[in-house]
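Data from data28.cif: mmCIF, C-alpha atoms
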data_structure
#
loop_
_atom_site.label_atom_id
_atom_site.label_comp_id
_atom_site.auth_asym_id
_atom_site.auth_seq_id
_atom_site.Cartn_x
_atom_site.Cartn_y
_atom_site.Cartn_z
CA MET A 103 -3.63 -21.73 -39.62
CA GLY A 104 -7.00 -23.36 -39.88
CA SER A 105 -10.17 -21.89 -41.21
CA ASP A 106 -12.91 -20.25 -39.25
CA ARG A 107 -14.59 -23.61 -38.94
CA ASP A 108 -11.82 -25.28 -37.04
CA ASP A 109 -12.50 -26.87 -33.71
CA GLY A 110 -10.90 -24.10 -31.72
CA VAL A 111 -12.32 -20.70 -31.18
CA SER A 112 -14.03 -19.48 -34.33
CA ARG A 113 -13.66 -15.98 -35.64
CA ARG A 114 -17.21 -15.40 -34.59
CA LYS A 115 -16.43 -16.50 -31.08
CA VAL A 116 -13.39 -14.30 -31.02
CA LEU A 117 -15.57 -11.43 -32.01
CA GLU A 118 -17.90 -12.32 -29.20
CA CYS A 119 -14.93 -12.25 -26.90
CA MET A 120 -14.05 -8.84 -28.04
CA THR A 121 -17.43 -7.44 -27.29
CA TRP A 122 -17.42 -8.93 -23.87
CA ALA A 123 -17.17 -6.25 -21.26
CA GLY A 124 -15.08 -7.17 -18.27
CA THR A 125 -12.11 -6.31 -16.17
CA GLY A 126 -9.06 -8.20 -17.30
CA VAL A 127 -6.94 -9.13 -20.24
CA LEU A 128 -7.60 -12.28 -22.20
CA TRP A 129 -4.36 -13.78 -23.37
CA THR A 130 -3.96 -16.41 -26.04
CA ILE A 131 -0.78 -18.38 -26.40
CA SER A 132 -0.43 -20.32 -29.56
CA GLY A 133 2.69 -21.93 -30.90
CA GLY A 134 4.83 -20.00 -28.54
CA VAL A 135 3.87 -16.41 -28.35
CA PRO A 136 1.10 -14.77 -26.42
CA HIS A 137 -0.86 -12.15 -28.22
CA SER A 138 -3.68 -9.88 -27.55
CA LEU A 139 -6.80 -10.91 -29.33
CA GLY A 140 -7.31 -7.20 -29.67
CA ILE A 141 -5.34 -7.39 -32.89
CA MET A 142 -8.05 -8.78 -35.11
CA GLY A 143 -5.77 -9.58 -38.02
CA GLU A 144 -4.03 -12.11 -35.84
CA ALA A 145 -7.06 -13.36 -34.01
CA GLN A 146 -7.70 -16.03 -36.53
CA ALA A 147 -9.17 -19.42 -35.90
CA GLN A 148 -7.19 -21.22 -33.29
CA GLU A 149 -5.89 -24.69 -33.59
CA ALA A 150 -6.83 -27.27 -31.06
CA LYS A 151 -3.58 -26.81 -29.19
CA SER A 152 -4.09 -23.48 -27.58
CA LEU A 153 -4.23 -22.07 -24.13
CA THR A 154 -6.30 -19.17 -22.92
CA PHE A 155 -5.80 -17.62 -19.53
CA LEU A 156 -7.08 -14.59 -17.71
CA GLN A 157 -5.21 -11.67 -16.20
CA LEU A 158 -6.65 -9.80 -13.25
CA SER A 159 -4.80 -6.89 -11.73
CA ASP A 160 -4.92 -4.18 -9.11
CA SER A 161 -8.14 -5.12 -7.34
CA HIS A 162 -7.28 -2.82 -4.41
CA VAL A 163 -9.97 -4.42 -2.30
CA GLY A 164 -10.76 -1.99 0.51
CA PHE A 165 -10.28 1.11 -1.60
CA ASP A 166 -13.28 3.39 -1.02
CA LYS A 167 -12.13 6.85 -2.06
CA PRO A 168 -13.91 9.12 -4.56
CA ALA A 169 -12.19 7.56 -7.59
CA ASN A 170 -14.24 4.42 -6.83
CA PRO A 171 -16.11 4.15 -3.55
CA ASN A 172 -16.68 0.43 -4.08
CA ALA A 173 -13.64 -1.37 -5.42
CA LEU A 174 -14.96 -4.67 -4.14
CA GLY A 175 -18.10 -4.15 -6.18
CA THR A 176 -16.24 -3.57 -9.42
CA LEU A 177 -14.10 -6.64 -8.75
CA GLU A 178 -17.30 -8.60 -8.42
CA GLU A 179 -18.54 -7.17 -11.72
CA ALA A 180 -15.30 -8.30 -13.30
CA ILE A 181 -15.72 -11.84 -12.04
CA VAL A 182 -19.28 -11.93 -13.37
CA LYS A 183 -17.83 -11.03 -16.76
CA VAL A 184 -15.20 -13.71 -16.45
CA ASN A 185 -17.85 -16.30 -15.77
CA ALA A 186 -19.75 -15.19 -18.86
CA LEU A 187 -16.73 -15.57 -21.16
CA PRO A 188 -17.53 -17.67 -24.23
CA GLN A 189 -14.22 -19.42 -23.89
CA ARG A 190 -13.43 -20.38 -20.36
CA PRO A 191 -9.84 -19.53 -19.40
CA ALA A 192 -7.70 -22.43 -18.21
CA PHE A 193 -6.61 -20.42 -15.19
CA ALA A 194 -5.94 -16.87 -14.08
CA ILE A 195 -2.97 -14.82 -13.05
CA HIS A 196 -3.32 -11.84 -10.72
CA THR A 197 -0.62 -9.22 -11.09
CA GLY A 198 -0.82 -7.75 -7.62
CA ASP A 199 -2.38 -5.13 -5.41
CA ILE A 200 -5.02 -7.64 -4.46
CA SER A 201 -5.77 -5.56 -1.39
CA HIS A 202 -5.44 -1.86 -0.72
CA LEU A 203 -3.94 -2.02 2.78
CA SER A 204 -3.08 -5.70 3.35
CA THR A 205 -5.65 -6.27 6.07
CA ALA A 206 -6.94 -9.77 6.69
CA GLN A 207 -10.44 -8.56 5.93
CA GLN A 208 -9.41 -7.16 2.55
CA PHE A 209 -7.65 -10.37 1.55
CA ASP A 210 -10.65 -12.37 2.74
CA ASP A 211 -13.02 -10.23 0.71
CA ALA A 212 -10.84 -10.50 -2.39
CA ASP A 213 -10.67 -14.27 -2.06
CA ARG A 214 -14.40 -14.55 -1.55
CA ILE A 215 -15.09 -12.70 -4.80
CA ILE A 216 -12.26 -14.05 -6.97
CA SER A 217 -13.02 -17.63 -5.95
CA GLN A 218 -16.41 -17.22 -7.59
CA SER A 219 -14.58 -17.55 -10.90
CA ARG A 220 -13.68 -21.11 -9.87
CA LEU A 221 -10.35 -20.60 -11.61
CA ASP A 222 -6.94 -21.48 -10.30
CA VAL A 223 -5.31 -18.14 -9.69
CA HIS A 224 -1.54 -17.63 -9.76
CA TYR A 225 -0.69 -14.50 -7.83
CA VAL A 226 2.22 -12.12 -7.60
CA PRO A 227 2.14 -9.36 -5.00
CA GLY A 228 1.87 -5.62 -5.45
CA GLU A 229 3.28 -3.11 -3.00
CA HIS A 230 -0.17 -2.84 -1.42
CA ASP A 231 -0.03 -6.51 -0.44
CA PHE A 232 2.91 -6.09 1.94
CA LEU A 233 1.55 -3.36 4.20
CA ASP A 234 0.70 -5.52 7.21
CA PRO A 235 3.19 -4.83 10.03
CA ASP A 236 4.92 -8.20 9.82
CA GLN A 237 4.55 -8.59 6.05
CA THR A 238 3.37 -12.17 6.44
CA PHE A 239 -0.21 -12.16 5.14
CA TYR A 240 0.65 -12.32 1.45
CA LYS A 241 3.14 -15.15 1.73
CA ASP A 242 0.92 -17.12 4.09
CA ARG A 243 -2.10 -16.84 1.83
CA TYR A 244 -0.71 -16.84 -1.70
CA GLY A 245 2.95 -17.69 -1.52
CA ARG A 246 3.05 -21.25 -0.24
CA GLY A 247 5.83 -23.15 -1.95
CA THR A 248 7.27 -20.03 -3.54
CA LYS A 249 10.79 -18.69 -3.16
CA GLY A 250 11.87 -15.50 -1.43
CA ALA A 251 9.08 -12.96 -1.18
CA GLY A 252 6.92 -15.09 -3.48
CA TRP A 253 8.50 -15.82 -6.84
CA TYR A 254 7.97 -19.12 -8.69
CA SER A 255 7.45 -20.70 -12.08
CA PHE A 256 5.14 -23.29 -13.55
CA ASP A 257 4.38 -24.86 -16.90
CA ALA A 258 1.06 -25.03 -18.72
CA SER A 259 0.39 -26.34 -22.22
CA GLY A 260 4.06 -26.10 -23.10
CA VAL A 261 4.35 -22.51 -21.94
CA HIS A 262 6.72 -21.61 -19.12
CA PHE A 263 5.19 -19.09 -16.70
CA ILE A 264 7.36 -17.09 -14.31
CA GLY A 265 5.85 -15.01 -11.49
CA LEU A 266 8.26 -12.38 -10.17
CA VAL A 267 8.20 -10.03 -7.17
CA ASN A 268 9.47 -6.48 -7.68
CA VAL A 269 7.77 -4.70 -4.78
CA VAL A 270 9.89 -5.55 -1.72
CA ASN A 271 13.12 -4.13 -0.30
CA LEU A 272 12.74 -1.03 -2.41
CA LYS A 273 15.63 1.42 -2.32
CA ALA A 274 15.41 5.15 -1.65
CA GLY A 275 15.07 7.01 -4.91
CA GLY A 276 14.64 3.79 -6.85
CA LEU A 277 11.98 2.00 -8.85
CA GLY A 278 10.69 -1.55 -8.61
CA ASP A 279 13.36 -4.04 -7.66
CA LEU A 280 13.90 -7.75 -8.26
CA GLY A 281 17.10 -8.15 -6.29
CA ALA A 282 20.13 -10.37 -6.70
CA ASP A 283 18.60 -13.49 -5.16
CA GLN A 284 15.61 -13.49 -7.45
CA LEU A 285 17.71 -12.75 -10.54
CA GLU A 286 19.98 -15.65 -9.69
CA TRP A 287 16.98 -17.91 -9.29
CA LEU A 288 15.58 -16.72 -12.62
CA GLU A 289 18.80 -17.42 -14.47
CA ASP A 290 18.77 -20.93 -13.10
CA ASP A 291 15.05 -21.44 -13.68
CA VAL A 292 15.23 -20.85 -17.43
CA LYS A 293 18.60 -22.48 -18.02
CA HIS A 294 17.18 -25.91 -18.84
CA LEU A 295 14.51 -24.63 -21.24
CA SER A 296 14.85 -24.84 -24.99
CA ALA A 297 14.86 -21.50 -26.76
CA SER A 298 11.63 -22.44 -28.50
CA THR A 299 9.72 -22.61 -25.22
CA PRO A 300 7.25 -19.76 -25.02
CA VAL A 301 7.88 -17.79 -21.84
CA VAL A 302 5.37 -15.64 -19.99
CA VAL A 303 6.73 -13.44 -17.21
CA PHE A 304 4.33 -11.68 -14.89
CA ALA A 305 5.04 -9.18 -12.13
CA HIS A 306 3.28 -6.22 -10.58
CA ILE A 307 5.40 -3.20 -11.54
CA PRO A 308 6.20 -2.97 -15.25
CA LEU A 309 9.47 -4.59 -16.26
CA TRP A 310 9.99 -1.85 -18.84
CA THR A 311 10.54 1.75 -17.95
CA ILE A 312 7.35 3.62 -18.68
CA TYR A 313 7.68 6.73 -16.54
CA PRO A 314 10.39 6.80 -13.88
CA ASP A 315 9.19 10.09 -12.39
CA TRP A 316 6.18 8.14 -11.18
CA GLY A 317 8.11 5.02 -10.33
CA TRP A 318 6.76 3.12 -13.32
CA GLY A 319 9.64 0.82 -14.01
CA THR A 320 11.95 -1.76 -12.43
CA ASP A 321 15.58 -0.91 -11.77
CA ASP A 322 17.07 -4.31 -12.53
CA ALA A 323 14.61 -5.51 -15.15
CA ALA A 324 17.28 -5.41 -17.87
CA GLN A 325 19.18 -8.17 -16.14
CA ALA A 326 16.08 -10.35 -16.00
CA LEU A 327 15.37 -9.74 -19.67
CA ALA A 328 18.96 -10.60 -20.53
CA TYR A 329 18.33 -14.11 -19.22
CA LEU A 330 15.34 -14.37 -21.54
CA LYS A 331 17.01 -12.97 -24.64
CA ARG A 332 17.56 -16.33 -26.32
CA PHE A 333 13.88 -17.27 -26.26
CA GLY A 334 11.85 -16.85 -29.39
CA SER A 335 8.73 -15.77 -27.57
CA VAL A 336 8.66 -13.77 -24.36
CA THR A 337 5.56 -12.06 -23.04
CA VAL A 338 5.78 -9.76 -20.03
CA LEU A 339 2.50 -9.04 -18.25
CA ASN A 340 2.29 -6.33 -15.61
CA GLY A 341 -0.18 -4.16 -13.72
CA HIS A 342 0.48 -1.24 -11.35
CA ILE A 343 -0.25 1.58 -13.79
CA HIS A 344 -4.00 0.89 -14.05
CA GLN A 345 -4.17 1.30 -17.81
CA VAL A 346 -3.42 -0.67 -20.94
CA MET A 347 -0.04 -0.10 -22.47
CA GLN A 348 1.92 -2.29 -24.86
CA LYS A 349 5.34 -2.35 -26.39
CA VAL A 350 7.06 -4.90 -28.61
CA GLU A 351 10.82 -5.10 -28.57
CA GLY A 352 12.34 -7.88 -30.60
CA ASN A 353 10.90 -11.15 -29.36
CA VAL A 354 9.52 -9.55 -26.22
CA THR A 355 6.01 -8.21 -25.89
CA PHE A 356 5.30 -6.01 -22.87
CA HIS A 357 1.73 -5.42 -21.81
CA THR A 358 0.02 -3.84 -18.82
CA ALA A 359 -3.54 -4.61 -17.79
CA ARG A 360 -6.30 -2.44 -16.44
CA SER A 361 -7.19 -2.35 -12.78
CA THR A 362 -10.56 -3.52 -11.52
CA ALA A 363 -10.55 -0.71 -8.94
CA PHE A 364 -9.69 2.74 -10.27
CA PRO A 365 -7.95 4.39 -13.22
CA GLN A 366 -4.68 6.29 -13.07
CA PRO A 367 -3.63 9.08 -15.41
CA ALA A 368 -1.58 8.54 -18.53
CA PRO A 369 2.13 9.09 -17.81
CA GLY A 370 2.73 12.69 -16.79
CA GLN A 371 -0.85 13.66 -17.55
CA GLY A 372 -1.86 14.37 -13.99
CA PRO A 373 -0.46 15.82 -10.78
CA SER A 374 0.51 12.35 -9.56
CA PRO A 375 0.10 8.66 -10.38
CA GLY A 376 -2.66 8.42 -7.78
CA PRO A 377 -6.28 7.43 -8.32
CA MET A 378 -7.97 9.48 -11.04
CA LYS A 379 -11.54 10.61 -10.45
CA VAL A 380 -13.54 10.44 -13.66
CA PRO A 381 -17.26 10.99 -14.23
CA ASP A 382 -19.24 8.05 -12.86
CA GLU A 383 -20.42 6.93 -16.27
CA GLN A 384 -16.81 6.71 -17.46
CA LEU A 385 -15.39 4.70 -14.59
CA ARG A 386 -16.23 1.23 -15.87
CA THR A 387 -14.82 1.99 -19.30
CA MET A 388 -11.44 2.44 -17.62
CA LEU A 389 -11.52 -0.71 -15.50
CA GLY A 390 -11.13 -4.14 -16.94
CA ILE A 391 -9.55 -7.54 -17.33
CA ALA A 392 -7.41 -9.21 -19.95
CA ASN A 393 -7.56 -12.53 -21.70
CA VAL A 394 -4.51 -14.07 -23.25
CA THR A 395 -4.52 -16.85 -25.80
CA PHE A 396 -1.58 -18.90 -26.91
CA LYS A 397 -1.71 -20.77 -30.20
CA GLN A 398 0.77 -23.33 -31.43
CA ASN A 399 3.08 -21.97 -34.11
CA ASP A 400 2.08 -18.40 -33.56
CA GLN A 401 4.72 -15.91 -32.68
CA ARG A 402 2.70 -13.78 -30.35
CA LEU A 403 0.13 -14.28 -27.69
CA ALA A 404 -3.21 -12.73 -28.41
CA ILE A 405 -4.32 -10.37 -25.70
CA ILE A 406 -7.81 -9.02 -25.35
CA ASP A 407 -8.22 -6.17 -22.93
CA THR A 408 -11.81 -5.88 -21.97
CA PRO A 409 -13.27 -2.99 -20.03
CA LEU A 410 -16.12 -3.52 -17.56
CA LYS A 411 -18.24 -1.36 -19.80
CA VAL A 412 -17.69 -0.42 -23.41
CA MET B 85 14.25 8.16 21.09
CA ALA B 86 10.63 8.82 21.68
CA ILE B 87 7.86 8.57 19.14
CA SER B 88 4.67 10.44 19.42
CA ASN B 89 1.73 9.73 17.21
CA THR B 90 -0.34 12.47 18.67
CA VAL B 91 1.56 15.61 17.91
CA ARG B 92 0.04 17.52 15.08
CA SER B 93 1.12 20.99 14.39
CA ALA B 94 -0.53 23.78 12.57
CA LEU B 95 2.79 23.94 10.79
CA ILE B 96 1.50 21.10 8.68
CA ALA B 97 -0.88 23.51 7.14
CA ALA B 98 1.83 26.10 6.73
CA ALA B 99 4.03 23.53 5.07
CA LEU B 100 1.44 23.06 2.42
CA GLY B 101 2.34 26.52 1.31
CA ALA B 102 1.32 27.17 -2.23
CA ALA B 103 -0.26 23.77 -2.73
CA THR B 104 -3.49 23.72 -4.64
CA ALA B 105 -6.58 25.25 -3.17
CA THR B 106 -8.37 21.93 -3.25
CA ALA B 107 -5.62 20.34 -1.24
CA LEU B 108 -5.81 23.08 1.29
CA ALA B 109 -9.53 22.67 1.57
CA ALA B 110 -8.98 19.17 2.79
CA VAL B 111 -6.54 20.10 5.49
CA VAL B 112 -7.80 19.57 8.98
CA ILE B 113 -6.09 21.80 11.48
CA PRO B 114 -6.50 20.33 14.92
CA THR B 115 -7.71 22.86 17.41
CA SER B 116 -6.07 21.04 20.28
CA ALA B 117 -2.58 20.66 18.88
CA GLN B 118 -0.26 19.86 21.72
CA ASN B 119 2.18 22.43 22.89
CA ALA B 120 5.12 20.18 22.29
CA ALA B 121 7.54 23.03 21.79
CA PRO B 122 9.20 23.35 18.41
CA ALA B 123 7.50 21.12 15.93
CA GLY B 124 7.76 20.42 12.25
CA GLY B 125 5.39 19.08 9.70
CA VAL B 126 5.73 17.35 6.36
CA SER B 127 2.69 16.95 4.18
CA ILE B 128 2.39 14.17 1.63
CA ASP B 129 0.42 15.39 -1.34
CA ASN B 130 0.41 14.04 -4.87
CA PHE B 131 3.20 11.59 -4.09
CA THR B 132 5.44 14.44 -2.92
CA PHE B 133 6.89 15.38 0.45
CA THR B 134 6.33 19.06 1.21
CA PRO B 135 8.65 20.60 2.11
CA ALA B 136 11.15 18.34 0.43
CA SER B 137 13.70 19.45 2.99
CA LEU B 138 12.69 20.47 6.49
CA THR B 139 15.13 22.00 8.97
CA VAL B 140 14.36 21.71 12.67
CA LYS B 141 16.10 22.04 16.02
CA ALA B 142 17.20 18.93 17.88
CA GLY B 143 14.38 17.68 20.04
CA THR B 144 11.75 18.59 17.49
CA THR B 145 8.98 16.15 16.76
CA VAL B 146 8.40 15.92 13.03
CA THR B 147 4.99 14.80 11.88
CA TRP B 148 4.27 13.46 8.40
CA THR B 149 0.64 13.57 7.32
CA ASN B 150 -0.65 11.68 4.30
CA ARG B 151 -3.11 13.73 2.24
CA ASP B 152 -3.24 11.29 -0.69
CA ASP B 153 -5.87 8.68 -1.48
CA ILE B 154 -3.06 6.14 -1.56
CA PRO B 155 -1.08 4.88 1.42
CA HIS B 156 2.51 5.97 1.92
CA GLY B 157 5.21 4.88 4.34
CA ILE B 158 8.16 6.74 5.84
CA ALA B 159 11.53 5.03 6.07
CA SER B 160 15.02 6.32 6.70
CA SER B 161 17.31 5.75 3.74
CA ASP B 162 19.98 4.34 6.05
CA ASN B 163 17.90 3.04 8.95
CA ALA B 164 18.70 6.09 11.04
CA PHE B 165 15.20 6.19 12.48
CA LYS B 166 12.27 3.87 12.90
CA LYS B 167 10.03 3.43 9.89
CA SER B 168 6.34 4.19 10.01
CA LYS B 169 3.47 1.84 9.53
CA ALA B 170 1.65 2.27 6.23
CA LEU B 171 -0.16 5.60 6.48
CA ASP B 172 -3.64 5.62 5.01
CA THR B 173 -5.34 8.85 4.02
CA ASP B 174 -5.03 11.45 6.81
CA ASP B 175 -2.93 9.17 8.97
CA ASN B 176 0.21 10.66 10.42
CA TYR B 177 3.51 9.55 11.81
CA SER B 178 5.72 11.41 14.23
CA PHE B 179 9.30 11.04 15.19
CA THR B 180 11.35 13.14 17.57
CA PHE B 181 14.81 13.92 16.25
CA THR B 182 17.21 14.37 19.15
CA THR B 183 20.53 14.14 17.36
CA PRO B 184 21.71 16.81 14.94
CA GLY B 185 22.39 15.60 11.43
CA THR B 186 20.92 15.22 7.98
CA TYR B 187 18.33 12.48 7.67
CA GLN B 188 17.40 11.26 4.21
CA TYR B 189 14.16 9.39 3.98
CA PHE B 190 11.83 7.93 1.34
CA CYS B 191 8.43 6.35 0.91
CA TYR B 192 9.03 2.62 1.20
CA ILE B 193 5.92 1.98 -0.91
CA HIS B 194 6.82 4.47 -3.66
CA PRO B 195 10.59 4.80 -3.33
CA HIS B 196 10.93 7.50 -5.95
CA MET B 197 9.46 9.80 -3.26
CA VAL B 198 12.34 11.18 -1.21
CA GLY B 199 12.81 13.90 1.38
CA THR B 200 15.26 15.26 3.92
CA ILE B 201 15.09 16.32 7.56
CA VAL B 202 17.97 18.54 8.69
CA VAL B 203 18.33 18.58 12.46
CA GLU B 204 20.37 21.44 13.92
CA ALA B 205 21.78 21.67 17.40
CA ALA B 206 19.14 22.99 19.77
CA THR B 207 21.46 25.71 21.02
CA GLY B 208 22.23 27.03 17.58
CA SER B 209 21.37 30.63 16.89
CA SER B 210 20.17 30.37 13.32
CA ALA B 211 16.45 30.67 13.02
CA THR B 212 15.21 28.09 10.58
CA GLN B 213 11.48 28.27 10.58
#
Show how you would write the structure in this file as structure tokens.
Amino acid sequence: MGSDRDDGVSRRKVLECMTWAGTGVLWTISGGVPHSLGIMGEAQAQEAKSLTFLQLSDSHVGFDKPANPNALGTLEEAIVKVNALPQRPAFAIHTGDISHLSTAQQFDDADRIISQSRLDVHYVPGEHDFLDPDQTFYKDRYGRGTKGAGWYSFDASGVHFIGLVNVVNLKAGGLGDLGADQLEWLEDDVKHLSASTPVVVFAHIPLWTIYPDWGWGTDDAAQALAYLKRFGSVTVLNGHIHQVMQKVEGNVTFHTARSTAFPQPAPGQGPSPGPMKVPDEQLRTMLGIANVTFKQNDQRLAIIDTPLKV
Amino acid sequence: MAISNTVRSALIAAALGAATATALAAVVIPTSAQNAAPAGGVSIDNFTFTPASLTVKAGTTVTWTNRDDIPHGIASSDNAFKKSKALDTDDNYSFTFTTPGTYQYFCYIHPHMVGTIVVEAATGSSATQ
């Protein structure tokens, strides 16, 4: 660990990050493990070899109900915050529900706003992105070169990123689903990696069971995680539940990001997992983004969840 | 089998039963509901099908109406009937069940939501509604 005066992000800058109000999660990966910069004890000066990326989630462009009559507007506010970040992310991931109803107009609007970040964005779909009758819009727009319904992997700064799809071919009475084909691909995809490779998995529906009564889990996630067991650093980033939640289990850190569109109740704390209407002045405190920073030789990625408004 | 998107029955409102007063306040009861003989309605409220099990006579057109601020979709659990498009708020979907049997269905967007339509022979004597 270097001192606060190292070339990377200084403690002061990290503090600036933390006061930034936006809609996403800022992730830092350093030395193998992503962690939330929200944990100040670990948000120490970063070495030169680090990677920071942004997580956007659940934009629901087109949503206009009382819980937020202007979801496109709050997405735009989020992107303004992204552009004001003291440390520019290397790229972004979007963990699904880009649109509310999968119309061409909604995807166009989302692209128009998100592209103002001038970041490369790696998408995975949410269930709201496959509602067009032929289920082709998502794959045509975001899934070029991906497998199946849109899964893929890529490498950045020594970190292996895996985007998974758990929102298609859902079974009656079930939860999110990865399916045999995708699991087989995943097993093969990570086979060649050394166990010291930091792995970041991102998908829309949580890959840990948060609240099955509301469908907040993925039926065959355990199989996927079994393939990742041997890795020293695994970070699982999800959306879908429109609130921040985190769990650490062994070498695996699970984290969900806020939505940029509308909040949902805490598990079981409302009549349904649907949009939660809060007083207008509270809305932006419940929307947000995340930044993730990876630092060499660190066990966990640093994640900063930042609301649109503090 | 025929599909009608136009049939809306006042039974939809009845099906809401003891749902919350606020939900009821939002219910629109069409004044020109068609006289398409025996009809059935399933309301989707708070990610729940109400009633969870609906029993109708063969030939009945069942209409699902989405009262949530989130889209839902109707699909047969074993492809026994045609699935709906995604239903936005207040959209509905109708299907006419002509063959007696028990039809399990679910929301293909939120699959933990499940329901059942029981279709009885039209000539049966048991009153079900």
B:Tyr192, B:Phe133, B:Ser127, B:Lys141 ranked by distance to chain A, top pick (using all atoms listed in the file):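 Smallest separation from chain A among the options: B:Tyr192.
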Specify as a ChimeraX atom specification each residue included when the PyMOL selection byres ((chain A) within 12 of (chain B)) is applied to this file. /A:162,164-171,199,201-205,228-237,268-279,307,313-321,342,364,366,372-379
Which distance in Å separates atom CA of A:Asp407 and atom CA of A:His306, to one decimal? 16.9 Å
All residues 9 Å or closer to B:Thr200, all atoms listed in the file, same chain fewer than 3 positions away omitted, as a list in words: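 Listing them by chain and then by number gives Pro135, Ala136, Ser137, Leu138, Thr139, Thr186, Tyr187, Gln188, Tyr189 and Phe190 of chain B.
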Can you translate the PyMOL selection byres ((chain A and resi 336) around 12) into the concrete residues it hits in this file, as a PyMOL selection string? chain A and resi 131+134-137+261-264+292+297-304+326-335+337-339+350-357+396+401-403
Just to confirm, what's the straight-line distance from atom CA of A:Gln157 to atom CA of A:Tyr240 in Å (one decimal)?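 Between atom CA of A:Gln157 and atom CA of A:Tyr240 the gap is 18.6 Å.
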From the list B:Thr180, B:Asn163, B:Asn150, B:Thr207, which residue is nearest B:Gly124 when using all atoms listed in the file? B:Thr180
Which distance in Å separates atom CA of A:Leu221 and atom CA of A:Ala194, to one decimal? 6.3 Å
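Each of B:Thr183, B:Ser178, B:Ala164, B:Ile128 was checked against B:Thr145 using all atoms listed in the file; the smallest atom-to-atom distance is that of B:Ser178.
When all atoms listed in the file are used to measure the gap to A:Gln398, the shortest distance among A:Val163, A:Ile195, A:Leu153, A:Ala305 belongs to A:Leu153.
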